[in-house]
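Student: Below are the C-alpha cells for one structure; questions will follow.
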Amino acid sequence: MAVAGFAEKDLGVEVKEGVLTVKGARDSEKHEETKRYLYQGIAGRSFERRFQLAENVEVKGAALENGLLHIDLVRVVP
C-alpha cells in the first residue's frame, strides 16, 4: 500500500474479527492548515482502509519502507 508522506508513528494496522484496518493520520496536519501551497503533489489527509480477510489468514507483520507499507499475510492450513 502506498503511504508516501506518512511516518511509522502516523500509521496504525489492526486486525479485528477478520477485518484488517489500516489508518493514517499525521500529527502535523494541525500545523499545516496555515500554510498555503501553489501545488502540493502528495495529499497528506487522513485515511482509513478496511480489508476483509479470508478464513485461516493471519497477519504476521508490517513494515514501512520507502513510502510503501508491506503487510505480511499467511494462510494457515488446519
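Ligands are numbered from 1 in the order shown, chains are lettered A, B, ... in the order of the C-alpha cells, and residues start at 1 in each chain.
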Which residues come within 9 Å of region 45-58 of chain A, counting only C-alpha atoms, excluding same-chain residues fewer than 3 positions away, as an NGL selection string?

Tutor: :A and (15 or 18-26 or 29 or 72-78)

Student: Write out as a list of chain:residue names the residues lying within 12 Å of Asn66 (chain A), counting only C-alpha atoms and excluding same-chain residues fewer than 4 positions away.

Tutor: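 So, after excluding close chain neighbours, the residues are A:Met1, A:Ala2, A:Val3, A:Ala4, A:Gly5, A:Phe6, A:Ala7, A:Glu8, A:His70.
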
Student: To one decimal place, how far is CA of Tyr37 (chain A) from CA of Lys9 (chain A) in Å?

Tutor: 24.9 Å

Student: What parts of region 13-59 of chain A does DSSP call helix (DSSP H, G or I)? I'd like the answer as a ChimeraX atom specification.

Tutor: /A:29-32

Student: What does the distance from CA of Gly41 (chain A) to CA of Ala62 (chain A) come to in Å, to one decimal?

Tutor: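 Computing it gives 25.9 Å between the two atoms.
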
Student: May I ask which of the residues A:Lys35, A:Ile42, A:Glu14, A:Val59 is the closest one to Ile71 (chain A), counting only C-alpha atoms?

Tutor: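 Result for the nearest residue to Ile71 (chain A): A:Val59.
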
Student: Tell me which of A:Val13, A:Gly44, A:Glu65, A:Lys60 sits closest to Asp27 (chain A), counting only C-alpha atoms.

Tutor: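 Looking at the shortest contact to Asp27 (chain A), the residue is A:Gly44.
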
Student: If DSSP is run on the backbone, what residues of chain A are strand (DSSP E or B)? A reply as a PyMOL selection string would be ideal.

Tutor: chain A and resi 2+11-16+19-24+47-52+57-65+68-75
